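Enquirer: This is the content of my_file.pdb (PDB, C-alpha atoms, pLDDT in the B column):
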```pdb
ATOM      1  CA  MET J   1      -5.728  49.783 -54.087  1.00 51.00           C
ATOM      2  CA  ASN J   2      -2.823  51.816 -55.382  1.00 51.00           C
ATOM      3  CA  PRO J   3       0.295  51.357 -53.160  1.00 54.00           C
ATOM      4  CA  VAL J   4       0.996  55.081 -53.244  1.00 45.00           C
ATOM      5  CA  ILE J   5      -2.465  55.905 -51.919  1.00 54.00           C
ATOM      6  CA  ARG J   6      -2.108  53.174 -49.264  1.00 54.00           C
ATOM      7  CA  LYS J   7       1.183  54.692 -47.968  1.00 50.00           C
ATOM      8  CA  ALA J   8      -0.343  58.188 -47.888  1.00 53.00           C
ATOM      9  CA  SER J   9      -3.375  57.030 -45.852  1.00 58.00           C
ATOM     10  CA  PHE J  10      -1.114  55.120 -43.436  1.00 52.00           C
ATOM     11  CA  ALA J  11       1.054  58.208 -42.870  1.00 59.00           C
ATOM     12  CA  PHE J  12      -2.089  60.311 -42.302  1.00 58.00           C
ATOM     13  CA  HIS J  13      -3.392  57.900 -39.626  1.00 59.00           C
ATOM     14  CA  LEU J  14      -0.033  57.925 -37.858  1.00 56.00           C
ATOM     15  CA  ARG J  15      -0.038  61.702 -37.768  1.00 65.00           C
ATOM     16  CA  VAL J  16      -3.566  61.755 -36.299  1.00 58.00           C
ATOM     17  CA  LEU J  17      -2.605  59.244 -33.606  1.00 60.00           C
ATOM     18  CA  ASP J  18       0.458  61.308 -32.652  1.00 64.00           C
ATOM     19  CA  GLN J  19      -1.654  64.432 -32.249  1.00 63.00           C
ATOM     20  CA  ALA J  20      -4.199  62.559 -30.115  1.00 61.00           C
ATOM     21  CA  GLY J  21      -1.402  61.249 -27.857  1.00 62.00           C
ATOM     22  CA  LEU J  22      -0.019  64.752 -27.405  1.00 54.00           C
ATOM     23  CA  LEU J  23      -3.454  66.085 -26.437  1.00 59.00           C
ATOM     24  CA  PHE J  24      -3.977  63.233 -23.923  1.00 56.00           C
ATOM     25  CA  ARG J  25      -0.576  63.838 -22.257  1.00 60.00           C
ATOM     26  CA  ALA J  26      -1.294  67.541 -22.014  1.00 53.00           C
ATOM     27  CA  SER J  27      -4.675  66.951 -20.338  1.00 56.00           C
ATOM     28  CA  VAL J  28      -3.157  64.475 -17.862  1.00 48.00           C
ATOM     29  CA  SER J  29      -0.385  66.908 -16.939  1.00 53.00           C
ATOM     30  CA  VAL J  30      -2.932  69.691 -16.405  1.00 47.00           C
ATOM     31  CA  GLN J  31      -5.001  67.448 -14.121  1.00 53.00           C
ATOM     32  CA  HIS J  32      -1.909  66.534 -12.087  1.00 51.00           C
ATOM     33  CA  LEU J  33      -1.054  70.220 -11.705  1.00 46.00           C
ATOM     34  CA  ILE J  34      -4.580  71.051 -10.549  1.00 48.00           C
ATOM     35  CA  GLN J  35      -4.681  68.151  -8.078  1.00 51.00           C
ATOM     36  CA  GLY J  36      -1.239  69.075  -6.737  1.00 49.00           C
ATOM     37  CA  SER J  37      -2.294  72.650  -6.191  1.00 49.00           C
ATOM     38  CA  LEU J  38      -5.448  71.459  -4.341  1.00 45.00           C
ATOM     39  CA  VAL J  39      -3.440  69.116  -2.129  1.00 44.00           C
ATOM     40  CA  PHE J  40      -0.823  71.682  -1.155  1.00 44.00           C
ATOM     41  CA  SER J  41      -3.328  74.508  -0.665  1.00 47.00           C
ATOM     42  CA  ASN J  42      -4.882  74.651   2.819  1.00 49.00           C
ATOM     43  CA  GLU J  43      -7.803  76.835   1.815  1.00 54.00           C
ATOM     44  CA  ARG J  44     -11.147  75.043   1.494  1.00 54.00           C
ATOM     45  CA  GLN J  45     -13.417  77.437  -0.291  1.00 58.00           C
ATOM     46  CA  TYR J  46     -16.453  75.149  -0.218  1.00 56.00           C
ATOM     47  CA  ARG J  47     -16.740  75.515   3.584  1.00 61.00           C
ATOM     48  CA  THR J  48     -17.663  79.198   3.204  1.00 63.00           C
ATOM     49  CA  MET J  49     -20.257  78.557   0.501  1.00 64.00           C
ATOM     50  CA  PRO J  50     -23.922  78.499   1.633  1.00 63.00           C
ATOM     51  CA  THR J  51     -25.747  75.147   1.426  1.00 64.00           C
ATOM     52  CA  HIS J  52     -29.301  76.411   2.137  1.00 64.00           C
ATOM     53  CA  GLY J  53     -30.102  73.386   4.342  1.00 64.00           C
ATOM     54  CA  ILE J  54     -29.183  70.760   1.754  1.00 68.00           C
ATOM     55  CA  GLY J  55     -28.937  67.312   3.369  1.00 67.00           C
ATOM     56  CA  LYS J  56     -30.837  68.226   6.557  1.00 73.00           C
ATOM     57  CA  TYR J  57     -33.743  65.901   7.258  1.00 71.00           C
ATOM     58  CA  LYS J  58     -34.605  66.328  10.943  1.00 76.00           C
ATOM     59  CA  HIS J  59     -37.273  68.924  10.159  1.00 71.00           C
ATOM     60  CA  LEU J  60     -39.038  66.303   8.011  1.00 75.00           C
ATOM     61  CA  LEU J  61     -39.404  63.786  10.860  1.00 78.00           C
ATOM     62  CA  PRO J  62     -42.550  63.942  13.047  1.00 82.00           C
ATOM     63  CA  LYS J  63     -42.054  65.342  16.511  1.00 82.00           C
ATOM     64  CA  GLU J  64     -41.759  62.649  19.182  1.00 81.00           C
ATOM     65  CA  ALA J  65     -43.977  62.879  22.207  1.00 79.00           C
ATOM     66  CA  PRO J  66     -42.140  63.248  25.541  1.00 80.00           C
ATOM     67  CA  LYS J  67     -41.614  59.966  27.347  1.00 78.00           C
ATOM     68  CA  LYS J  68     -43.856  59.435  30.319  1.00 76.00           C
ATOM     69  CA  LYS J  69     -42.421  58.312  33.608  1.00 72.00           C
ATOM     70  CA  LYS J  70     -43.297  54.795  34.662  1.00 69.00           C
ATOM     71  CA  GLU J  71     -45.934  54.861  37.329  1.00 68.00           C
ATOM     72  CA  ARG J  72     -45.542  52.709  40.392  1.00 66.00           C
ATOM     73  CA  GLN J  73     -47.388  49.428  40.065  1.00 67.00           C
ATOM     74  CA  GLN J  74     -50.504  49.337  42.181  1.00 72.00           C
ATOM     75  CA  MET J  75     -52.381  46.360  43.507  1.00 72.00           C
ATOM     76  CA  LYS J  76     -55.477  45.408  41.554  1.00 75.00           C
ATOM     77  CA  GLN J  77     -58.818  45.195  43.255  1.00 75.00           C
ATOM     78  CA  ILE J  78     -59.417  41.828  44.890  1.00 77.00           C
ATOM     79  CA  LYS J  79     -62.665  40.294  43.665  1.00 76.00           C
ATOM     80  CA  THR J  80     -64.913  38.790  46.299  1.00 77.00           C
ATOM     81  CA  ALA J  81     -66.467  35.344  46.069  1.00 77.00           C
ATOM     82  CA  THR J  82     -70.112  34.736  45.263  1.00 83.00           C
ATOM     83  CA  ASP J  83     -72.418  31.727  45.571  1.00 83.00           C
ATOM     84  CA  ALA J  84     -71.572  30.505  42.060  1.00 85.00           C
ATOM     85  CA  GLU J  85     -67.949  31.668  41.686  1.00 87.00           C
ATOM     86  CA  TYR J  86     -64.779  31.974  43.713  1.00 89.00           C
ATOM     87  CA  GLY J  87     -62.971  35.272  44.033  1.00 86.00           C
ATOM     88  CA  THR J  88     -59.324  35.910  43.198  1.00 88.00           C
ATOM     89  CA  LEU J  89     -57.353  32.701  43.822  1.00 91.00           C
ATOM     90  CA  ASN J  90     -53.611  32.112  43.819  1.00 92.00           C
ATOM     91  CA  VAL J  91     -52.413  28.765  42.479  1.00 94.00           C
ATOM     92  CA  LYS J  92     -48.881  28.521  43.904  1.00 94.00           C
ATOM     93  CA  VAL J  93     -46.309  26.122  42.448  1.00 95.00           C
ATOM     94  CA  SER J  94     -42.998  25.698  44.290  1.00 94.00           C
ATOM     95  CA  GLY J  95     -40.033  23.348  44.132  1.00 93.00           C
ATOM     96  CA  TYR J  96     -36.264  23.062  43.964  1.00 92.00           C
ATOM     97  CA  ASP J  97     -36.106  22.279  40.231  1.00 91.00           C
ATOM     98  CA  MET J  98     -36.785  25.489  38.292  1.00 91.00           C
ATOM     99  CA  ILE J  99     -37.512  23.656  35.015  1.00 92.00           C
ATOM    100  CA  LEU J 100     -40.239  21.496  36.581  1.00 93.00           C
ATOM    101  CA  VAL J 101     -41.764  24.494  38.333  1.00 94.00           C
ATOM    102  CA  GLU J 102     -41.820  26.513  35.129  1.00 93.00           C
ATOM    103  CA  HIS J 103     -43.281  23.722  33.006  1.00 94.00           C
ATOM    104  CA  TYR J 104     -45.977  22.861  35.556  1.00 95.00           C
ATOM    105  CA  SER J 105     -47.044  26.510  35.875  1.00 94.00           C
ATOM    106  CA  GLN J 106     -47.264  26.699  32.071  1.00 94.00           C
ATOM    107  CA  TYR J 107     -49.382  23.549  32.085  1.00 94.00           C
ATOM    108  CA  ILE J 108     -51.782  25.142  34.614  1.00 94.00           C
ATOM    109  CA  HIS J 109     -51.997  28.285  32.494  1.00 94.00           C
ATOM    110  CA  ASN J 110     -52.772  26.310  29.311  1.00 94.00           C
ATOM    111  CA  LEU J 111     -55.341  24.197  31.160  1.00 93.00           C
ATOM    112  CA  CYS J 112     -57.127  27.351  32.329  1.00 92.00           C
ATOM    113  CA  ASN J 113     -57.224  28.656  28.770  1.00 92.00           C
ATOM    114  CA  ARG J 114     -58.749  25.393  27.531  1.00 92.00           C
ATOM    115  CA  LEU J 115     -61.385  25.264  30.283  1.00 90.00           C
ATOM    116  CA  GLY J 116     -62.280  28.934  29.920  1.00 90.00           C
ATOM    117  CA  VAL J 117     -60.950  29.952  33.343  1.00 90.00           C
ATOM    118  CA  LYS J 118     -59.827  33.577  33.392  1.00 90.00           C
ATOM    119  CA  VAL J 119     -56.158  34.047  34.352  1.00 91.00           C
ATOM    120  CA  ALA J 120     -55.652  37.499  35.868  1.00 89.00           C
ATOM    121  CA  GLU J 121     -51.862  37.293  36.223  1.00 89.00           C
ATOM    122  CA  SER J 122     -48.989  34.848  36.046  1.00 90.00           C
ATOM    123  CA  TYR J 123     -45.719  35.813  37.720  1.00 90.00           C
ATOM    124  CA  ALA J 124     -42.684  34.518  39.611  1.00 90.00           C
ATOM    125  CA  LEU J 125     -41.824  35.150  43.242  1.00 89.00           C
ATOM    126  CA  PRO J 126     -38.285  35.942  44.411  1.00 87.00           C
ATOM    127  CA  THR J 127     -36.120  32.842  44.794  1.00 88.00           C
ATOM    128  CA  LYS J 128     -35.546  31.756  48.368  1.00 88.00           C
ATOM    129  CA  SER J 129     -32.246  30.227  49.503  1.00 88.00           C
ATOM    130  CA  THR J 130     -31.992  27.771  52.406  1.00 87.00           C
ATOM    131  CA  GLU J 131     -28.656  26.762  53.913  1.00 86.00           C
ATOM    132  CA  VAL J 132     -28.354  23.187  55.168  1.00 84.00           C
ATOM    133  CA  MET J 133     -26.006  23.103  58.190  1.00 85.00           C
ATOM    134  CA  VAL J 134     -24.219  19.910  59.283  1.00 85.00           C
ATOM    135  CA  MET J 135     -22.492  19.244  62.584  1.00 82.00           C
ATOM    136  CA  PRO J 136     -19.599  16.758  62.575  1.00 81.00           C
ATOM    137  CA  GLU J 137     -19.514  13.821  65.015  1.00 78.00           C
ATOM    138  CA  GLN J 138     -16.524  15.267  66.813  1.00 78.00           C
ATOM    139  CA  GLY J 139     -16.772  18.976  67.463  1.00 75.00           C
ATOM    140  CA  THR J 140     -19.416  21.619  67.901  1.00 79.00           C
ATOM    141  CA  LYS J 141     -18.737  23.884  64.918  1.00 82.00           C
ATOM    142  CA  MET J 142     -21.354  23.619  62.168  1.00 82.00           C
ATOM    143  CA  TYR J 143     -20.611  24.141  58.497  1.00 79.00           C
ATOM    144  CA  VAL J 144     -22.736  24.643  55.396  1.00 80.00           C
ATOM    145  CA  ASP J 145     -23.297  21.378  53.557  1.00 81.00           C
ATOM    146  CA  ALA J 146     -25.631  22.583  50.796  1.00 84.00           C
ATOM    147  CA  ILE J 147     -27.701  25.558  49.670  1.00 87.00           C
ATOM    148  CA  LEU J 148     -31.223  24.775  48.492  1.00 89.00           C
ATOM    149  CA  LYS J 149     -32.981  27.282  46.231  1.00 91.00           C
ATOM    150  CA  THR J 150     -36.768  27.294  46.213  1.00 92.00           C
ATOM    151  CA  HIS J 151     -38.451  28.582  43.044  1.00 93.00           C
ATOM    152  CA  GLU J 152     -42.070  29.725  43.152  1.00 93.00           C
ATOM    153  CA  ARG J 153     -44.600  30.621  40.464  1.00 93.00           C
ATOM    154  CA  ILE J 154     -48.085  32.069  40.874  1.00 93.00           C
ATOM    155  CA  VAL J 155     -50.995  31.608  38.483  1.00 93.00           C
ATOM    156  CA  GLN J 156     -53.722  33.999  39.640  1.00 92.00           C
ATOM    157  CA  LEU J 157     -57.266  32.954  38.737  1.00 91.00           C
ATOM    158  CA  SER J 158     -60.297  35.208  38.640  1.00 87.00           C
ATOM    159  CA  GLN J 159     -63.927  34.099  39.007  1.00 83.00           C
ATOM    160  CA  LEU J 160     -63.422  30.337  38.977  1.00 88.00           C
ATOM    161  CA  ASN J 161     -66.752  28.527  38.608  1.00 89.00           C
ATOM    162  CA  ALA J 162     -67.660  26.581  41.749  1.00 89.00           C
ATOM    163  CA  THR J 163     -68.979  23.570  39.781  1.00 90.00           C
ATOM    164  CA  LEU J 164     -65.795  23.403  37.693  1.00 91.00           C
ATOM    165  CA  CYS J 165     -63.411  23.713  40.646  1.00 90.00           C
ATOM    166  CA  PRO J 166     -63.461  20.001  41.790  1.00 91.00           C
ATOM    167  CA  THR J 167     -62.704  18.752  38.266  1.00 91.00           C
ATOM    168  CA  PHE J 168     -60.037  21.420  37.805  1.00 92.00           C
ATOM    169  CA  MET J 169     -58.278  20.481  41.045  1.00 92.00           C
ATOM    170  CA  GLU J 170     -58.478  16.766  40.292  1.00 93.00           C
ATOM    171  CA  VAL J 171     -56.734  17.261  36.929  1.00 93.00           C
ATOM    172  CA  LEU J 172     -54.037  19.392  38.566  1.00 93.00           C
ATOM    173  CA  LEU J 173     -53.325  16.836  41.290  1.00 93.00           C
ATOM    174  CA  LYS J 174     -53.179  13.911  38.867  1.00 93.00           C
ATOM    175  CA  ASN J 175     -50.595  15.699  36.691  1.00 92.00           C
ATOM    176  CA  GLN J 176     -48.526  17.075  39.568  1.00 93.00           C
ATOM    177  CA  PRO J 177     -44.822  16.150  39.099  1.00 92.00           C
ATOM    178  CA  GLU J 178     -42.737  14.648  41.876  1.00 91.00           C
ATOM    179  CA  GLY J 179     -40.944  17.174  44.040  1.00 90.00           C
ATOM    180  CA  ILE J 180     -43.415  19.957  43.198  1.00 93.00           C
ATOM    181  CA  GLN J 181     -45.693  21.446  45.840  1.00 94.00           C
ATOM    182  CA  LEU J 182     -49.099  22.845  44.911  1.00 94.00           C
ATOM    183  CA  SER J 183     -51.328  25.113  46.979  1.00 93.00           C
ATOM    184  CA  VAL J 184     -54.481  27.116  46.255  1.00 92.00           C
ATOM    185  CA  LYS J 185     -55.551  30.014  48.498  1.00 91.00           C
ATOM    186  CA  PRO J 186     -57.430  33.327  48.234  1.00 90.00           C
ATOM    187  CA  HIS J 187     -55.356  36.311  47.167  1.00 88.00           C
ATOM    188  CA  THR J 188     -54.526  38.853  49.883  1.00 87.00           C
ATOM    189  CA  GLU J 189     -52.550  42.078  50.157  1.00 85.00           C
ATOM    190  CA  ALA J 190     -49.688  40.203  51.864  1.00 85.00           C
ATOM    191  CA  ASP J 191     -49.399  38.002  48.759  1.00 84.00           C
ATOM    192  CA  TYR J 192     -49.051  41.104  46.613  1.00 84.00           C
ATOM    193  CA  GLN J 193     -46.285  42.503  48.831  1.00 83.00           C
ATOM    194  CA  ALA J 194     -44.434  39.164  48.636  1.00 82.00           C
ATOM    195  CA  ARG J 195     -43.809  39.789  44.936  1.00 81.00           C
ATOM    196  CA  PHE J 196     -41.188  42.423  45.738  1.00 78.00           C
ATOM    197  CA  LYS J 197     -37.779  41.870  47.291  1.00 75.00           C
ATOM    198  CA  ALA J 198     -37.257  43.247  50.771  1.00 73.00           C
ATOM    199  CA  ARG J 199     -34.990  46.317  51.038  1.00 77.00           C
ATOM    200  CA  PRO J 200     -34.219  46.780  54.736  1.00 79.00           C
ATOM    201  CA  GLU J 201     -31.897  49.760  54.153  1.00 83.00           C
ATOM    202  CA  LEU J 202     -34.599  51.677  52.299  1.00 78.00           C
ATOM    203  CA  GLU J 203     -37.217  50.725  54.854  1.00 79.00           C
ATOM    204  CA  GLY J 204     -34.933  52.008  57.665  1.00 84.00           C
ATOM    205  CA  LEU J 205     -34.475  55.341  55.887  1.00 85.00           C
ATOM    206  CA  MET J 206     -38.223  55.657  55.321  1.00 84.00           C
ATOM    207  CA  ALA J 207     -38.824  54.945  59.016  1.00 86.00           C
ATOM    208  CA  GLN J 208     -36.363  57.695  59.997  1.00 88.00           C
ATOM    209  CA  MET J 209     -38.108  60.179  57.703  1.00 87.00           C
ATOM    210  CA  THR J 210     -41.522  59.437  59.148  1.00 79.00           C
TER     211      THR J 210
END
```
Using C-alpha cells, write down the structure from this file.
Expert:
Amino acid sequence: MNPVIRKASFAFHLRVLDQAGLLFRASVSVQHLIQGSLVFSNERQYRTMPTHGIGKYKHLLPKEAPKKKKERQQMKQIKTATDAEYGTLNVKVSGYDMILVEHYSQYIHNLCNRLGVKVAESYALPTKSTEVMVMPEQGTKMYVDAILKTHERIVQLSQLNATLCPTFMEVLLKNQPEGIQLSVKPHTEADYQARFKARPELEGLMAQMT
C-alpha cells in the first residue's frame, strides 16, 4: 500500500475516534445532570400516576371459608359386651420409666393390628407425681427424699373376640417388661373423665354459678 494513503487512513480513523469520545463524554455528562436533578428534587411524579390495579393479586385467590370453632370433645358411646365379643376394654400400662411405658403400649397397639383387634383409641393419661417422705432417726420433721412420676398409657379395644382373648392376654403377659404394670378393665365414664386434668378453681366458679 502507498505510504501516503496509509497516513491518510490513519488520520481519518483518529478523527473518528475523537468524535466518538466527545459524544460519549457528552452523553455521560447529560446522564449525571439528569440523575442529579432527580436526586435533589423531592417531587415523585410516579406516585400520582394511576396503576389500574397492576401488581394486585388478592382478587385472584379463592375465598377462604371461615374457620370453625373447635367443638368440645364428647365421650363416645360405650359398646356393650355380647356372648361372642367383649365390649369396650381399656388396656392400661403404667410405670415409672416413660420409655418402657411408651414402647410397651406401642407393642400392644401393633399386636392388635396383627391379630385384627380393633383399637378405638390410644392416649396418655396425665402424669402423677408421688412424694416419698423420710423421717430422720433423731427428730420428728419429715423431708422429701424423692419424687416418683407415674406415666400411664391407655390402649382402648373395641369388640375383642372372646375366643381370642386368652391367647391375647397370654402374649401380653409373657412380653411384659419389668417395672411395668398391666391391667385390663371395661371402659366407664369415670375413665373418660380421668383423661383431663383437674381444675379446682374452675370447678369452684362453676359451682358458685349454679
Enquirer: So which residues touch Phe168 (chain J) within 12 Å, counting all atoms listed in the file, skipping near sequence neighbours fewer than 5 positions away, as a PyMOL selection string?
Expert: chain J and resi 91+108-109+111-117+157+160-163+173-175+184
Enquirer: Find the spatial neighbours of Leu148 (chain J), counting all atoms listed in the file, within a cut-off of 12 Å - ignore same-chain residues fewer than 3 positions away - and output them as a list in words.
Expert: Gly95, Tyr96, Asp97, Met98, Thr127, Lys128, Ser129, Thr130, Glu131, Val132, Met133, Val144, Asp145 and His151 of chain J
Enquirer: What's around His187 (chain J) at 6 Å? Count all atoms listed in the file, leave out sequence neighbours fewer than 4 positions away in its own chain, and write the answer as a CSV table (one decimal) with C-alpha atoms, keeping the file's coordinate frame.
Expert:
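Okay, this is what ended up in part_21.csv:
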```
chain,number,residue,atom,x,y,z
J,88,THR,CA,-59.3,35.9,43.2
J,89,LEU,CA,-57.4,32.7,43.8
J,90,ASN,CA,-53.6,32.1,43.8
```
Enquirer: Mind pulling up the distance from CA of Tyr192 (chain J) to CA of Glu152 (chain J)?
Expert: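 Between CA of Glu152 (chain J) and CA of Tyr192 (chain J) the gap works out to 13.8 Å.
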Enquirer: What's the separation between CA of Ala194 (chain J) and CA of Ile147 (chain J), in Å to one decimal place?
Expert: 21.6 Å
Enquirer: So, with only C-alpha atoms as the atoms that count, which of J:Phe196, J:Tyr104, J:Tyr143, J:Tyr57 lies closest to Gln181 (chain J)?
Expert: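 Looking at the shortest contact to Gln181 (chain J), the residue is J:Tyr104.
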